[in-house]
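> Contents of upload_19.cif (mmCIF, C-alpha atoms (C1' of nucleotides)) are given next:
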data_target
loop_
_atom_site.label_atom_id
_atom_site.label_comp_id
_atom_site.auth_asym_id
_atom_site.auth_seq_id
_atom_site.Cartn_x
_atom_site.Cartn_y
_atom_site.Cartn_z
CA MET A 26 102.33 58.56 96.54
CA PRO A 27 101.16 61.75 94.84
CA GLY A 28 103.56 64.54 95.79
CA PHE A 29 102.91 67.28 98.34
CA ARG A 30 99.76 65.95 99.96
CA ARG A 31 98.51 65.35 103.49
CA GLY A 32 95.55 64.01 105.43
CA ARG A 33 92.71 65.99 106.93
CA ILE A 34 93.75 68.62 109.46
CA GLN A 35 92.28 69.71 112.79
CA PRO A 36 90.37 73.02 113.04
CA CYS A 37 92.98 74.33 115.48
CA GLN A 38 95.73 73.66 112.96
CA ARG A 39 93.93 75.49 110.19
CA ARG A 40 94.48 78.74 111.98
CA GLN A 41 98.20 78.07 112.22
CA ARG A 42 98.42 77.36 108.51
CA ARG A 43 96.61 80.59 107.80
CA GLY A 44 99.73 82.48 108.78
CA MET A 45 101.66 80.55 106.19
CA ARG A 46 99.07 81.16 103.49
CA LEU A 47 99.67 84.82 104.12
CA ILE A 48 103.23 84.55 102.89
CA LEU A 49 102.72 81.93 100.21
CA ARG A 50 102.22 84.29 97.29
CA PRO A 51 105.00 86.64 98.35
CA SER A 52 107.30 83.61 98.68
CA LEU A 53 106.39 82.33 95.24
CA LEU A 54 106.85 85.73 93.71
CA LEU A 55 110.21 86.13 95.39
CA LEU A 56 111.37 82.75 94.09
CA LEU A 57 110.32 83.83 90.62
CA ALA A 58 112.12 87.14 91.07
CA GLU A 59 115.25 85.08 91.69
CA LYS A 60 114.74 82.86 88.66
CA GLU A 61 112.02 81.45 86.42
CA SER A 62 110.61 78.13 87.52
CA HIS A 63 107.68 75.73 87.28
CA GLY A 64 105.11 74.68 89.85
CA TYR A 65 106.62 71.43 90.96
CA GLU A 66 110.04 72.92 91.50
CA LEU A 67 108.54 75.86 93.36
CA CYS A 68 106.79 73.42 95.68
CA GLU A 69 110.16 71.95 96.56
CA GLN A 70 111.83 75.31 97.00
CA LEU A 71 109.11 76.54 99.32
CA ALA A 72 110.65 74.33 101.99
CA SER A 73 113.35 76.96 102.42
CA PHE A 74 110.63 79.39 103.57
CA GLY A 75 109.39 77.00 106.20
CA PHE A 76 106.66 75.32 104.16
CA GLU A 77 106.83 71.64 104.95
CA PRO A 78 105.70 69.35 102.12
CA GLU A 79 103.07 67.75 104.38
CA GLY A 80 101.78 71.17 105.28
CA LEU A 81 100.91 72.37 101.82
CA ASP A 82 98.82 70.76 99.12
CA SER A 83 100.45 71.39 95.78
CA SER A 84 97.12 72.27 94.17
CA ILE A 85 97.14 75.42 96.27
CA VAL A 86 100.47 76.41 94.77
CA TYR A 87 99.29 75.77 91.23
CA ARG A 88 96.13 77.74 91.87
CA ASP A 89 97.99 80.70 93.30
CA LEU A 90 100.32 80.71 90.33
CA ARG A 91 97.39 80.80 87.90
CA GLU A 92 95.83 83.63 89.86
CA MET A 93 99.03 85.64 89.88
CA GLU A 94 99.17 85.11 86.15
CA GLU A 95 95.62 86.46 85.81
CA MET A 96 96.75 89.48 87.80
CA GLU A 97 99.56 89.84 85.26
CA LEU A 98 102.26 89.63 87.91
CA ILE A 99 103.80 86.65 86.13
CA TYR A 100 103.38 84.88 82.81
CA SER A 101 103.94 81.30 81.71
CA TYR A 102 104.97 79.21 78.75
CA TRP A 103 105.17 75.47 78.16
CA ASP A 104 108.58 73.90 78.33
CA GLU A 105 108.34 71.20 75.66
CA ASN A 106 111.97 70.10 75.89
CA SER A 107 112.03 68.86 79.46
CA LYS A 108 111.97 65.20 80.41
CA GLY A 109 108.77 63.77 81.78
CA PRO A 110 105.41 65.58 81.62
CA LYS A 111 105.47 69.07 80.14
CA ARG A 112 106.14 71.90 82.55
CA ARG A 113 104.47 75.25 82.71
CA VAL A 114 107.31 77.63 83.41
CA TYR A 115 106.57 80.94 85.10
CA ARG A 116 108.50 84.17 84.77
CA ILE A 117 107.98 87.38 86.73
CA GLN A 118 106.77 90.59 85.07
CA GLU A 119 107.59 94.19 85.92
CA GLU A 120 104.15 94.49 87.47
CA GLY A 121 105.08 91.52 89.62
CA ARG A 122 108.27 93.10 90.88
CA SER A 123 106.51 96.22 92.04
CA ARG A 124 103.73 94.21 93.61
CA LEU A 125 106.30 92.12 95.44
CA ALA A 126 107.79 95.31 96.87
CA GLU A 127 104.32 96.31 98.12
CA TRP A 128 103.71 92.90 99.64
CA ILE A 129 107.02 93.03 101.44
CA GLU A 130 106.15 96.41 102.92
CA ASN A 131 102.82 95.02 104.03
CA ILE A 132 104.49 92.05 105.65
CA LYS A 133 106.83 94.39 107.48
CA SER A 134 103.94 96.29 108.96
CA ILE A 135 102.17 93.10 110.01
CA GLN A 136 105.40 91.96 111.57
CA ALA A 137 105.68 95.19 113.51
CA ARG A 138 102.17 94.71 114.85
CA MET A 139 102.93 91.17 115.84
CA GLU A 140 106.00 92.45 117.63
CA LYS A 141 103.85 94.88 119.61
CA LEU A 142 101.42 92.12 120.52
CA ILE A 143 104.20 89.82 121.67
CA ASN A 144 105.82 92.51 123.80
CA ARG A 145 102.52 93.32 125.40
CA TYR A 146 101.94 89.67 126.11
CA HIS A 147 105.28 89.37 127.84
CA SER A 148 104.58 92.32 130.09
CA LEU A 149 101.45 90.63 131.44
CA MET B 169 76.68 106.88 112.43
CA PRO B 170 76.69 103.25 113.54
CA GLY B 171 80.01 102.58 115.26
CA PHE B 172 82.97 100.74 113.74
CA ARG B 173 81.83 100.46 110.14
CA ARG B 174 83.26 101.17 106.67
CA GLY B 175 82.43 101.18 102.98
CA ARG B 176 83.17 98.41 100.49
CA ILE B 177 86.86 97.58 100.11
CA GLN B 178 89.09 96.82 97.12
CA PRO B 179 90.24 93.24 96.48
CA CYS B 180 93.87 94.30 96.96
CA GLN B 181 93.05 95.68 100.40
CA ARG B 182 91.35 92.48 101.49
CA ARG B 183 94.64 90.66 101.52
CA GLN B 184 96.16 93.35 103.74
CA ARG B 185 93.34 93.01 106.21
CA ARG B 186 93.87 89.27 106.27
CA GLY B 187 97.06 89.83 108.19
CA MET B 188 95.16 91.74 110.81
CA ARG B 189 92.46 89.08 111.09
CA LEU B 190 95.26 86.73 111.97
CA ILE B 191 96.03 88.62 115.15
CA LEU B 192 92.48 89.66 116.03
CA ARG B 193 91.66 86.76 118.32
CA PRO B 194 95.06 86.79 120.03
CA SER B 195 94.64 90.53 120.57
CA LEU B 196 91.18 90.11 122.05
CA LEU B 197 92.33 87.31 124.28
CA LEU B 198 95.30 89.35 125.46
CA LEU B 199 93.05 92.30 126.29
CA LEU B 200 90.86 89.94 128.28
CA ALA B 201 93.92 88.51 130.01
CA GLU B 202 94.65 92.05 131.16
CA LYS B 203 91.13 92.69 132.40
CA GLU B 204 87.55 91.65 131.80
CA SER B 205 85.69 93.74 129.25
CA HIS B 206 82.74 93.89 126.86
CA GLY B 207 82.63 93.93 123.07
CA TYR B 208 82.21 97.61 122.51
CA GLU B 209 85.07 98.53 124.80
CA LEU B 210 87.27 95.88 123.21
CA CYS B 211 86.57 97.41 119.80
CA GLU B 212 87.93 100.70 121.08
CA GLN B 213 90.95 99.13 122.72
CA LEU B 214 91.88 97.25 119.58
CA ALA B 215 93.14 100.54 118.19
CA SER B 216 96.22 100.12 120.36
CA PHE B 217 97.08 97.01 118.34
CA GLY B 218 96.87 98.86 115.06
CA PHE B 219 93.23 98.11 114.26
CA GLU B 220 91.72 101.28 112.89
CA PRO B 221 87.99 101.68 113.53
CA GLU B 222 87.31 102.02 109.78
CA GLY B 223 89.25 98.86 109.15
CA LEU B 224 87.23 96.53 111.33
CA ASP B 225 83.51 95.86 111.41
CA SER B 226 82.41 95.43 115.00
CA SER B 227 80.24 92.46 114.07
CA ILE B 228 83.46 90.54 113.43
CA VAL B 229 84.62 91.27 116.95
CA TYR B 230 81.31 90.15 118.47
CA ARG B 231 81.37 87.01 116.38
CA ASP B 232 84.91 86.13 117.37
CA LEU B 233 84.06 86.66 121.02
CA ARG B 234 81.10 84.28 120.78
CA GLU B 235 83.27 81.71 119.06
CA MET B 236 85.97 81.96 121.69
CA GLU B 237 83.26 81.47 124.26
CA GLU B 238 82.11 78.31 122.47
CA MET B 239 85.71 77.12 122.59
CA GLU B 240 85.57 77.77 126.33
CA LEU B 241 88.51 80.15 126.23
CA ILE B 242 86.36 82.89 127.78
CA TYR B 243 82.96 83.15 129.39
CA SER B 244 80.44 85.94 129.65
CA TYR B 245 77.77 87.40 131.88
CA TRP B 246 75.35 90.27 131.51
CA ASP B 247 76.21 93.49 133.28
CA GLU B 248 72.78 94.75 134.32
CA ASN B 249 74.02 97.71 136.33
CA SER B 250 75.74 99.66 133.56
CA LYS B 251 74.27 102.75 131.95
CA GLY B 252 72.80 102.40 128.48
CA PRO B 253 72.12 99.06 126.80
CA LYS B 254 73.12 95.98 128.72
CA ARG B 255 76.67 94.78 128.21
CA ARG B 256 77.90 91.25 127.78
CA VAL B 257 81.09 91.18 129.79
CA TYR B 258 83.74 88.62 128.93
CA ARG B 259 86.29 87.10 131.26
CA ILE B 260 89.18 84.82 130.33
CA GLN B 261 89.32 81.20 131.48
CA GLU B 262 92.35 79.06 132.33
CA GLU B 263 91.91 77.28 129.01
CA GLY B 264 92.08 80.71 127.41
CA ARG B 265 95.36 81.61 129.07
CA SER B 266 97.07 78.49 127.83
CA ARG B 267 95.63 78.92 124.37
CA LEU B 268 96.88 82.47 124.31
CA ALA B 269 100.37 81.21 125.11
CA GLU B 270 100.13 78.80 122.18
CA TRP B 271 98.90 81.52 119.84
CA ILE B 272 101.75 83.78 120.85
CA GLU B 273 104.25 81.02 120.10
CA ASN B 274 102.64 80.51 116.73
CA ILE B 275 102.81 84.21 115.98
CA LYS B 276 106.47 84.20 116.90
CA SER B 277 107.19 81.45 114.41
CA ILE B 278 105.24 83.21 111.67
CA GLN B 279 107.16 86.35 112.48
CA ALA B 280 110.44 84.50 112.16
CA ARG B 281 109.41 83.21 108.76
CA MET B 282 108.40 86.67 107.65
CA GLU B 283 111.81 87.86 108.79
CA LYS B 284 113.49 85.25 106.63
CA LEU B 285 111.40 86.24 103.65
CA ILE B 286 112.18 89.92 104.09
CA ASN B 287 115.91 89.27 104.41
CA ARG B 288 115.88 87.16 101.31
CA TYR B 289 114.01 89.85 99.46
CA HIS B 290 116.58 92.45 100.41
CA SER B 291 119.45 90.32 99.15
CA LEU B 292 117.89 90.17 95.68
"C1'" DT C 126 104.59 45.23 84.04
"C1'" DA C 127 103.47 47.22 88.12
"C1'" DT C 128 104.92 50.92 91.05
"C1'" DA C 129 106.73 55.28 92.08
"C1'" DC C 130 107.85 59.78 90.75
"C1'" DT C 131 107.27 64.03 88.00
"C1'" DA C 132 103.80 67.47 86.70
"C1'" DT C 133 99.41 69.91 86.23
"C1'" DT C 134 94.44 70.73 86.53
"C1'" DG C 135 89.48 70.86 87.87
"C1'" DA C 136 85.57 70.19 90.76
"C1'" DC C 137 83.42 70.41 95.05
"C1'" DA C 138 82.57 71.05 99.92
"C1'" DA C 139 83.65 73.52 103.91
"C1'" DA C 140 85.11 77.52 106.28
"C1'" DA C 141 86.00 82.39 106.75
"C1'" DT C 142 84.85 87.01 105.69
"C1'" DG C 143 82.47 91.36 104.66
"C1'" DC C 144 78.48 93.72 104.75
"C1'" DA C 145 73.88 95.07 105.67
"C1'" DT C 146 70.51 95.35 108.83
"C1'" DA C 147 67.69 94.72 113.10
"C1'" DT C 148 67.05 95.93 117.78
"C1'" DA C 149 67.12 98.88 121.72
"C1'" DG C 150 68.46 102.01 125.51
"C1'" DT C 151 70.72 106.69 126.46
"C1'" DT C 152 72.38 111.24 125.70
"C1'" DT C 153 72.54 115.63 123.44
"C1'" DA C 154 71.38 119.34 120.25
"C1'" DG C 155 67.95 122.17 118.32
"C1'" DC D 219 59.92 117.22 123.13
"C1'" DT D 220 61.85 115.11 119.42
"C1'" DA D 221 65.24 113.98 116.13
"C1'" DA D 222 69.82 112.69 115.75
"C1'" DA D 223 73.84 110.55 117.50
"C1'" DC D 224 75.99 107.32 120.43
"C1'" DT D 225 76.36 102.95 123.08
"C1'" DA D 226 75.75 97.99 122.63
"C1'" DT D 227 74.84 93.43 120.63
"C1'" DA D 228 73.22 90.08 117.27
"C1'" DT D 229 72.01 87.68 112.89
"C1'" DG D 230 71.49 86.49 108.12
"C1'" DC D 231 73.38 86.17 103.62
"C1'" DA D 232 76.34 86.44 99.69
"C1'" DT D 233 80.94 86.18 98.39
"C1'" DT D 234 85.57 84.77 98.79
"C1'" DT D 235 89.00 81.71 100.27
"C1'" DT D 236 90.55 77.35 101.54
"C1'" DG D 237 91.31 72.38 101.78
"C1'" DT D 238 90.71 68.02 99.75
"C1'" DC D 239 90.05 64.67 96.30
"C1'" DA D 240 90.32 62.88 92.03
"C1'" DA D 241 91.67 62.83 87.14
"C1'" DT D 242 95.21 62.83 83.70
"C1'" DA D 243 99.71 61.71 81.76
"C1'" DG D 244 104.66 61.01 80.77
"C1'" DT D 245 108.95 58.68 82.50
"C1'" DA D 246 112.03 55.89 85.25
"C1'" DT D 247 113.01 51.78 87.91
"C1'" DA D 248 112.53 47.53 90.35
#
For the file at hand, write its structure as structure tokens.


Amino acid sequence: MPGFRRGRIQPCQRRQRRGMRLILRPSLLLLLAEKESHGYELCEQLASFGFEPEGLDSSIVYRDLREMEEMELIYSYWDENSKGPKRRVYRIQEEGRSRLAEWIENIKSIQARMEKLINRYHSL
Amino acid sequence: MPGFRRGRIQPCQRRQRRGMRLILRPSLLLLLAEKESHGYELCEQLASFGFEPEGLDSSIVYRDLREMEEMELIYSYWDENSKGPKRRVYRIQEEGRSRLAEWIENIKSIQARMEKLINRYHSL
DNA sequence: TATACTATTGACAAAATGCATATAGTTTAG
DNA sequence: CTAAACTATATGCATTTTGTCAATAGTATA
């Protein structure tokens, strides 16, 4: 069984996952702000943010990491000394820390808008 | 000036708008749960959910309305008696009310996860 | 030695999004 | 009276984002 996979999902479920995609990069960046890590380990740790392993294809995580590296928020090096296949270890950059702060602010404002929506719904 | 338009946006801003797209349909459906309405009016009312007119192209709203109609969450009829161009008036269906309830639950769970993320960020 | 687990990457199709533009009736300013 | 601005909806297209599959490879274990 190749790790972190799933079957095809329903169109109605895609929309639900979209909300999670929104916090995927911030979650990864936060994990890397806590300590350096590699893709596979990050996939496991994402569970603590509510990402279930069946709900997230690991290729998405790897892709997002590469993209954040291109944005120069993080950088990577090969860990040659680890057991098993070589790992690409990511570490956060200063640029990444400030971007994380921005993303968190953005999430707060989205959250506030969601709050408004929910309240309005309940006063129907 | 054609209503509800804007210029080209930066790639960093796109991600911010993504959060708003997430609550666009639920917002529209909630507005329609409150009272029947047509696209143009809905565009105006969206401001109360934090959608700025410059931040949302009205074609997106019209498209989402058509799609929700295809999903049979809402239905429409032409208002022939109104002044100006004819309006397509939307009304929510039972199916729409239950879907709205589901969407709200989903938003709540996303909100809870965002909360977790924010708390974890602040304990860095 | 076959299977499962660790670990990463690339290609491709499908879906979502942003933007421009077309159409058309009505009101208002000059 | 006529051009501009506003109300109102719709569509096509290019780009971006997403999900899925498949390929590769080293190591541990049954």

> Taking every C-alpha atom in sequence order, what RMSD separates chain A from chain B after the best least-squares fit?

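When all C-alpha atoms are superposed, the deviation is 0.1 Å.
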
> Expanded to explicit residues, what is the PyMOL selection byres ((chain C and resi 151) around 9) for this file, as a list of chain:residue names?

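Checked against the file, the PyMOL selection byres ((chain C and resi 151) around 9) matches B:Lys251, B:Gly252, B:Pro253, C:DG150, C:DT152, D:DC224, D:DT225.
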
> For chain C, which of A:Asp82, A:Glu66, A:Glu77, A:Glu59 is the closest residue, counting only C-alpha atoms (C1' of nucleotides)?

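Closest candidate: A:Glu66.
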
> Could you write out as a PDB file with C-alpha atoms, keeping the file's coordinate frame the residues of chain A within 12 Å of chain B, counting all atoms listed in the file?


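Contents of the output file out31.pdb:
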ATOM      1  CA  PRO A  36      90.370  73.020 113.040  1.00  0.00           C
ATOM      2  CA  CYS A  37      92.980  74.330 115.480  1.00  0.00           C
ATOM      3  CA  GLN A  38      95.730  73.660 112.960  1.00  0.00           C
ATOM      4  CA  ARG A  39      93.930  75.490 110.190  1.00  0.00           C
ATOM      5  CA  ARG A  40      94.480  78.740 111.980  1.00  0.00           C
ATOM      6  CA  GLN A  41      98.200  78.070 112.220  1.00  0.00           C
ATOM      7  CA  ARG A  42      98.420  77.360 108.510  1.00  0.00           C
ATOM      8  CA  ARG A  43      96.610  80.590 107.800  1.00  0.00           C
ATOM      9  CA  GLY A  44      99.730  82.480 108.780  1.00  0.00           C
ATOM     10  CA  MET A  45     101.660  80.550 106.190  1.00  0.00           C
ATOM     11  CA  ARG A  46      99.070  81.160 103.490  1.00  0.00           C
ATOM     12  CA  LEU A  47      99.670  84.820 104.120  1.00  0.00           C
ATOM     13  CA  ILE A  48     103.230  84.550 102.890  1.00  0.00           C
ATOM     14  CA  LEU A  49     102.720  81.930 100.210  1.00  0.00           C
ATOM     15  CA  ARG A  50     102.220  84.290  97.290  1.00  0.00           C
ATOM     16  CA  PRO A  51     105.000  86.640  98.350  1.00  0.00           C
ATOM     17  CA  SER A  52     107.300  83.610  98.680  1.00  0.00           C
ATOM     18  CA  LEU A  53     106.390  82.330  95.240  1.00  0.00           C
ATOM     19  CA  LEU A  54     106.850  85.730  93.710  1.00  0.00           C
ATOM     20  CA  LEU A  55     110.210  86.130  95.390  1.00  0.00           C
ATOM     21  CA  LEU A  56     111.370  82.750  94.090  1.00  0.00           C
ATOM     22  CA  LEU A  57     110.320  83.830  90.620  1.00  0.00           C
ATOM     23  CA  ALA A  58     112.120  87.140  91.070  1.00  0.00           C
ATOM     24  CA  GLU A  59     115.250  85.080  91.690  1.00  0.00           C
ATOM     25  CA  LYS A  60     114.740  82.860  88.660  1.00  0.00           C
ATOM     26  CA  LEU A  71     109.110  76.540  99.320  1.00  0.00           C
ATOM     27  CA  ALA A  72     110.650  74.330 101.990  1.00  0.00           C
ATOM     28  CA  SER A  73     113.350  76.960 102.420  1.00  0.00           C
ATOM     29  CA  PHE A  74     110.630  79.390 103.570  1.00  0.00           C
ATOM     30  CA  GLY A  75     109.390  77.000 106.200  1.00  0.00           C
ATOM     31  CA  PHE A  76     106.660  75.320 104.160  1.00  0.00           C
ATOM     32  CA  MET A  96      96.750  89.480  87.800  1.00  0.00           C
ATOM     33  CA  ARG A 122     108.270  93.100  90.880  1.00  0.00           C
ATOM     34  CA  ARG A 124     103.730  94.210  93.610  1.00  0.00           C
ATOM     35  CA  LEU A 125     106.300  92.120  95.440  1.00  0.00           C
ATOM     36  CA  ALA A 126     107.790  95.310  96.870  1.00  0.00           C
ATOM     37  CA  GLU A 127     104.320  96.310  98.120  1.00  0.00           C
ATOM     38  CA  TRP A 128     103.710  92.900  99.640  1.00  0.00           C
ATOM     39  CA  ILE A 129     107.020  93.030 101.440  1.00  0.00           C
ATOM     40  CA  GLU A 130     106.150  96.410 102.920  1.00  0.00           C
ATOM     41  CA  ASN A 131     102.820  95.020 104.030  1.00  0.00           C
ATOM     42  CA  ILE A 132     104.490  92.050 105.650  1.00  0.00           C
ATOM     43  CA  LYS A 133     106.830  94.390 107.480  1.00  0.00           C
ATOM     44  CA  SER A 134     103.940  96.290 108.960  1.00  0.00           C
ATOM     45  CA  ILE A 135     102.170  93.100 110.010  1.00  0.00           C
ATOM     46  CA  GLN A 136     105.400  91.960 111.570  1.00  0.00           C
ATOM     47  CA  ALA A 137     105.680  95.190 113.510  1.00  0.00           C
ATOM     48  CA  ARG A 138     102.170  94.710 114.850  1.00  0.00           C
ATOM     49  CA  MET A 139     102.930  91.170 115.840  1.00  0.00           C
ATOM     50  CA  GLU A 140     106.000  92.450 117.630  1.00  0.00           C
ATOM     51  CA  LYS A 141     103.850  94.880 119.610  1.00  0.00           C
ATOM     52  CA  LEU A 142     101.420  92.120 120.520  1.00  0.00           C
ATOM     53  CA  ILE A 143     104.200  89.820 121.670  1.00  0.00           C
ATOM     54  CA  ASN A 144     105.820  92.510 123.800  1.00  0.00           C
ATOM     55  CA  ARG A 145     102.520  93.320 125.400  1.00  0.00           C
ATOM     56  CA  TYR A 146     101.940  89.670 126.110  1.00  0.00           C
ATOM     57  CA  HIS A 147     105.280  89.370 127.840  1.00  0.00           C
ATOM     58  CA  SER A 148     104.580  92.320 130.090  1.00  0.00           C
ATOM     59  CA  LEU A 149     101.450  90.630 131.440  1.00  0.00           C
TER      60      LEU A 149
END

> So which residues get picked by the PyMOL selection byres ((chain C) within 12 of (chain A)) here, written as a PyMOL selection string?

chain C and resi 128-135+139-141

> Name the closest residue to chain B among the candidates D:DA246, D:DC239, D:DA221, D:DA226; distances are taken between atoms, counting all atoms listed in the file.

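Of D:DA246, D:DC239, D:DA221, D:DA226, the one nearest chain B is D:DA226, counting all atoms listed in the file.
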
> Pull out every residue of chain D that has at least one atom within 12 Å of chain B, counting only C-alpha atoms (C1' of nucleotides), and report them as JSON, numbers by chain.

{"D": [222, 223, 224, 225, 226, 227, 228, 229, 233, 234, 235]}

> For atom C1' of DA243 of chain D and atom CA of Ser107 of chain A, quote the distance in Å rounded to one decimal.

14.4 Å

> Determine, counting all atoms listed in the file, which protein, DNA and RNA residues have an atom within 12 Å of an atom of DA232 of chain D; residues of the same chain fewer than 5 positions away are not included. Present the result as a VMD selection string.

chain C and resid 142 to 145

> What does the file look like for those residues with C-alpha atoms (C1' of nucleotides), as an mmCIF file, in the coordinates of the input?


data_model
loop_
_atom_site.group_PDB
_atom_site.id
_atom_site.type_symbol
_atom_site.label_atom_id
_atom_site.label_comp_id
_atom_site.auth_asym_id
_atom_site.auth_seq_id
_atom_site.Cartn_x
_atom_site.Cartn_y
_atom_site.Cartn_z
ATOM 1 C "C1'" DT C 142 84.850 87.010 105.690
ATOM 2 C "C1'" DG C 143 82.470 91.360 104.660
ATOM 3 C "C1'" DC C 144 78.480 93.720 104.750
ATOM 4 C "C1'" DA C 145 73.880 95.070 105.670
#

> Output, as AutoDock Vina command-line options, the centre and edge lengths in Å (one decimal) of the axis-aligned box that contains all listed atoms of segment 225-239 of chain D with 5 Å of margin on each side.


--center_x 81.4 --center_y 83.8 --center_z 109.7 --size_x 29.8 --size_y 48.3 --size_z 36.8

> So that I can see what lies close to Tyr258 of chain B, please list as a PyMOL selection string the residues with an atom at most 10 Å from it, counting all atoms listed in the file and leaving out residues fewer than 6 positions away in the same chain.

chain B and resi 197+200+203-207+210+233-234+237+242-247

> I'd like the interatomic distance between atom C1' of DG237 of chain D and atom CA of Ile85 of chain A, to a tenth of an Å.

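Interatomic distance here is 8.6 Å.
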
> Separation of atom CA of Glu238 of chain B and atom CA of Glu262 of chain B, in Å?

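Spanning atom CA of Glu238 of chain B to atom CA of Glu262 of chain B is a straight-line distance of 14.2 Å.
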
> Quick one: of D:DC219, D:DA241, D:DT247, D:DT236, who's nearest to DA136 of chain C, counting only C-alpha atoms (C1' of nucleotides)?

D:DA241
